[in-house]
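J.: A single structure is presented below for examination.
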Amino acid sequence: MDDSNDTHSSLWTSITKLFGRDRDNDEKLEQAILDASEDGEVEPQEKSMLLGILRFNDLQVHDTMIPRTDMDCIPIDSSLAECAALIVSSGHSRIPVYRDTRDNIVGMVHAKDILPYFDHDDRKTLTVAAIMREPFFVPDTKSTRTLLQEFRERKQHIAIALDEYGGTSGLITIEDVLEEIVGDIEDEHDAPKEEDIRPLESNIYELTGRATLEDLTELGLDLENDEVDTIGGYLCMQAGHVPATGESFILNGWRITVLDADPKLIHKLRLEPANLEPHADPASNA
Ligand code: ADP
């Protein structure tokens, strides 16, 4: 019998019991953690990990996943050699396979399943369909906490998140889930992540389209909204179309100018107080 595994699961059970779904309890615990941190009894890193566990109760898969547009995936008629090239260029060891569009994920290729074909003459003619595995699908509204349990039970490390219409919403791995508790885990293959909010000057920021409305509230721009989470989504909703480079919006005393967008997605924005002179060239950053 594997003692360490046993200890691990009973510890897990205790933690999940301790951080159960009782909201009153959560609030008391959060206050206790903040008090202990103020008194110097808890280190800053311990504080953020403990708060991370508490917040974990409220998270759903769509809060944590990599959105569909950022997924590195491959069409089903691609050869093993093409898939190996994508594994190398993306640095990801698991590649979702789609038929026709990314909305229709039909399999998952794992790097280690390609390795036996490394020296094989057929690797340029065999397609990924020959070796792909069944994807593990989850609704994007699933609780992240439940997903962590399912990852453990199924010995799976990656899931495809689906929206309510059965289309692909994104992908999520066990690393994404654990990062919600312990903060960023950078493995040796992770590309550096782009900051969603980059201060340029006092009160002037460059944003990516996926900066969250919650983060903007902290800068003093309150756009709270139940329908969308990101500033890109908010502006598309306001405009009724995907705003183009150069379009700008005045919202609650702030000007938001689109610095870079394609027909489907806003990439970069500039946020500044509305009473400043508009920035001359939307395509240049600073
Ligand atoms: P890997 O080492 O194969 O990238 P991890 O589970 O360590 O897998 O994930 C690291 C990060 O990369 C996570 O944020 C995860 O969501 C993301 N990721 C994993 N696979 C893909 C993929 N095929 N396309 C885009 N992002 C991915």
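Residue names in the structure tokens use chain letters A, B, ... in the order shown, residue numbers from 1 in each chain, and ligand numbers from 1 in the order shown.
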Run DSSP on the backbone and give me the residues of segment 126-283 of chain A it puts in strand (DSSP E or B), as a ChimeraX atom specification.
T.: /A:127,133,137-139,143,158-162,168-173,197-201,204-208,212,230,248-251,254-261,266-273
J.: Chain A near ligand 1 within 8 Å: what's each residue's closest atom pair and its distance in Å to one decimal, counting only C-alpha atoms and all ligand atoms, ordered by chain then ascending residue number, as a tab-separated table?
T.:
residue	atom	partner	partner_atom_place_in_ligand_line	distance
A:Met65	CA	ligand 1	16 (O)	6.4
A:Ile66	CA	ligand 1	16 (O)	5.3
A:Asp70	CA	ligand 1	25 (C)	5.7
A:Met71	CA	ligand 1	24 (N)	3.7
A:Asp72	CA	ligand 1	24 (N)	3.7
A:Cys73	CA	ligand 1	23 (N)	5.8
A:Ser90	CA	ligand 1	24 (N)	7.4
A:Gly91	CA	ligand 1	4 (O)	5.9
A:His92	CA	ligand 1	3 (O)	3.5
A:Ser93	CA	ligand 1	3 (O)	3.6
A:Arg94	CA	ligand 1	3 (O)	5.3
A:Ile95	CA	ligand 1	23 (N)	4.3
A:Pro96	CA	ligand 1	23 (N)	6.0
A:His157	CA	ligand 1	6 (O)	6.6
A:Ile158	CA	ligand 1	6 (O)	6.8
A:Leu171	CA	ligand 1	16 (O)	6.1
A:Ile172	CA	ligand 1	16 (O)	4.9
A:Thr173	CA	ligand 1	6 (O)	4.8
A:Ile174	CA	ligand 1	6 (O)	5.9
A:Glu175	CA	ligand 1	6 (O)	4.9
A:Asp176	CA	ligand 1	14 (O)	5.1
A:Glu186	CA	ligand 1	10 (C)	8.0
A:Asp187	CA	ligand 1	7 (O)	6.6
A:His189	CA	ligand 1	2 (O)	6.3
A:Asp190	CA	ligand 1	10 (C)	6.3
J.: Just the residues within 6 Å of Tyr205 of chain A, please, counting only C-alpha atoms, with nothing from its chain fewer than 4 positions along; format it as a ChimeraX atom specification.
T.: /A:198-200,270-271
J.: Those same residues, written as a short mmCIF file (atom, residue, chain, number, x, y, z; two decimals), in the first residue's frame with all heavy atoms?
T.:
data_model
loop_
_atom_site.label_atom_id
_atom_site.label_comp_id
_atom_site.auth_asym_id
_atom_site.auth_seq_id
_atom_site.Cartn_x
_atom_site.Cartn_y
_atom_site.Cartn_z
N ARG A 198 -0.10 47.35 -18.50
CA ARG A 198 1.28 47.82 -18.42
C ARG A 198 1.25 49.34 -18.22
O ARG A 198 0.78 50.07 -19.12
CB ARG A 198 1.99 47.48 -19.74
CG ARG A 198 3.51 47.60 -19.68
CD ARG A 198 4.14 46.85 -20.84
NE ARG A 198 3.90 47.45 -22.13
CZ ARG A 198 4.65 48.41 -22.67
NH1 ARG A 198 5.70 48.88 -22.02
NH2 ARG A 198 4.37 48.90 -23.86
N PRO A 199 1.70 49.84 -17.05
CA PRO A 199 1.69 51.29 -16.86
C PRO A 199 2.69 51.94 -17.82
O PRO A 199 3.80 51.45 -17.99
CB PRO A 199 2.18 51.46 -15.41
CG PRO A 199 2.19 50.10 -14.80
CD PRO A 199 2.24 49.10 -15.91
N LEU A 200 2.27 53.04 -18.47
CA LEU A 200 3.18 53.76 -19.37
C LEU A 200 3.70 55.01 -18.66
O LEU A 200 4.89 55.25 -18.60
CB LEU A 200 2.46 54.16 -20.65
CG LEU A 200 1.98 53.03 -21.55
CD1 LEU A 200 1.21 53.59 -22.74
CD2 LEU A 200 3.13 52.18 -22.04
N ARG A 270 -5.12 51.64 -25.25
CA ARG A 270 -4.49 52.63 -24.39
C ARG A 270 -5.58 53.20 -23.49
O ARG A 270 -6.67 53.55 -23.97
CB ARG A 270 -3.87 53.73 -25.26
CG ARG A 270 -3.19 54.84 -24.49
CD ARG A 270 -2.64 55.83 -25.50
NE ARG A 270 -2.17 57.03 -24.85
CZ ARG A 270 -0.90 57.26 -24.51
NH1 ARG A 270 0.03 56.37 -24.79
NH2 ARG A 270 -0.57 58.39 -23.92
N LEU A 271 -5.28 53.30 -22.20
CA LEU A 271 -6.25 53.83 -21.24
C LEU A 271 -5.65 55.08 -20.62
O LEU A 271 -4.51 55.05 -20.12
CB LEU A 271 -6.50 52.78 -20.15
CG LEU A 271 -7.36 53.21 -18.96
CD1 LEU A 271 -8.79 53.45 -19.39
CD2 LEU A 271 -7.33 52.14 -17.86
#
J.: When you count only C-alpha atoms, which of these residues is closest to Thr208 of chain A: A:Ala130, A:Lys268, A:Thr144, A:Ala239?
T.: A:Lys268
J.: Interatomic distance between atom CA of Thr168 of chain A and atom CA of Thr212 of chain A?
T.: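 Between atom CA of Thr168 of chain A and atom CA of Thr212 of chain A the gap is 20.7 Å.
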J.: For Val258 of chain A, which residue out of A:Ala244, A:Leu115, A:Leu162, A:Met237 is the nearest one, using only C-alpha atoms?
T.: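 Distance minimum relative to Val258 of chain A lands on A:Ala244.
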J.: Could you give me, as JSON lines, a per-residue list for segment 68-172 of chain A showing, wherever an atom lies at most 7 Å from an atom of segment 47-64 of chain A, the closest pair of atoms and their distance in Å to one decimal, using only C-alpha atoms and sorting by chain then residue number from low to high?
T.:
{"residue": "A:Asp140", "atom": "CA", "partner": "A:Val61", "partner_atom": "CA", "distance": 4.9}
{"residue": "A:Thr141", "atom": "CA", "partner": "A:Gln60", "partner_atom": "CA", "distance": 5.4}
{"residue": "A:Lys142", "atom": "CA", "partner": "A:Gln60", "partner_atom": "CA", "distance": 5.4}
{"residue": "A:Ser143", "atom": "CA", "partner": "A:Gln60", "partner_atom": "CA", "distance": 4.3}
{"residue": "A:Thr144", "atom": "CA", "partner": "A:Gln60", "partner_atom": "CA", "distance": 4.9}
{"residue": "A:Arg145", "atom": "CA", "partner": "A:Asn57", "partner_atom": "CA", "distance": 6.5}
J.: Would you kindly return, as a PyMOL selection string, each protein, DNA or RNA residue with an atom no farther than 12 Å from any atom of Gln156 of chain A, considering only C-alpha atoms and excluding same-chain residues fewer than 5 positions away?
T.: chain A and resi 94+108+110+133-137+147-151+172-175
J.: May I have the residues from that selection written out with C-alpha atoms, as a short mmCIF file (atom, residue, chain, number, x, y, z; two decimals), in the first residue's frame?
T.:
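result-v5.cif was written with the following content:
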data_model
loop_
_atom_site.label_atom_id
_atom_site.label_comp_id
_atom_site.auth_asym_id
_atom_site.auth_seq_id
_atom_site.Cartn_x
_atom_site.Cartn_y
_atom_site.Cartn_z
CA ARG A 94 -0.55 18.06 -25.75
CA MET A 108 -5.83 15.05 -28.34
CA HIS A 110 0.33 13.67 -26.69
CA ARG A 133 -6.80 10.04 -27.78
CA GLU A 134 -10.35 10.84 -26.65
CA PRO A 135 -10.55 14.41 -25.35
CA PHE A 136 -11.84 15.02 -21.83
CA PHE A 137 -14.67 17.55 -22.23
CA LEU A 147 -12.27 19.70 -11.98
CA LEU A 148 -9.12 19.34 -9.89
CA GLN A 149 -10.67 16.31 -8.21
CA GLU A 150 -11.65 14.85 -11.61
CA PHE A 151 -8.15 15.42 -13.00
CA ILE A 172 -7.47 23.99 -19.10
CA THR A 173 -4.67 21.94 -17.58
CA ILE A 174 -3.89 20.92 -14.04
CA GLU A 175 -1.11 23.54 -14.07
#
J.: Using DSSP on the backbone coordinates, identify the residues of segment 128-186 of chain A assigned to alpha helix (DSSP H); present them as number ranges by chain.
T.: A: 144-154, 174-182
J.: Just the number, please: distance in Å from atom CA of Ala211 of chain A to atom CA of Thr230 of chain A, one decimal.
T.: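 Between atom CA of Ala211 of chain A and atom CA of Thr230 of chain A the gap is 5.5 Å.
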J.: Neighbouring residues of Arg123 of chain A were defined as those with any atom within 10 Å, considering only C-alpha atoms; residues of the same chain fewer than 2 positions away were excluded. Please report them as a PyMOL selection string.
T.: chain A and resi 79-84+114+116-121+125-128
J.: Go ahead and write the selection's residues with C-alpha atoms as a tab-separated table (two decimals), in the first residue's frame.
T.:
chain	number	residue	atom	x	y	z
A	79	SER	CA	0.60	14.41	-40.56
A	80	LEU	CA	2.51	13.26	-37.48
A	81	ALA	CA	5.50	15.26	-38.74
A	82	GLU	CA	3.38	18.46	-38.88
A	83	CYS	CA	2.10	17.81	-35.37
A	84	ALA	CA	5.65	17.22	-34.09
A	114	ILE	CA	4.44	10.59	-31.48
A	116	PRO	CA	7.67	5.94	-31.47
A	117	TYR	CA	7.16	7.31	-35.01
A	118	PHE	CA	10.24	9.49	-34.84
A	119	ASP	CA	12.24	7.10	-37.00
A	120	HIS	CA	9.25	5.77	-38.88
A	121	ASP	CA	9.01	6.17	-42.66
A	125	THR	CA	1.90	10.22	-44.40
A	126	LEU	CA	0.26	8.95	-41.19
A	127	THR	CA	-2.19	11.49	-39.83
A	128	VAL	CA	-2.85	12.52	-36.24
J.: Applying 9 Å and only C-alpha atoms, which residues near Phe249 of chain A remain after dropping the ones on its own chain fewer than 3 positions away? List them as a PyMOL selection string.
T.: chain A and resi 235+254-258
J.: For Ser37 of chain A, list every protein, DNA or RNA residue within 10 Å, evaluated using only C-alpha atoms, and leave out those in the same chain fewer than 5 positions away; present the list as number ranges by chain.
T.: A: 31-32, 42-48
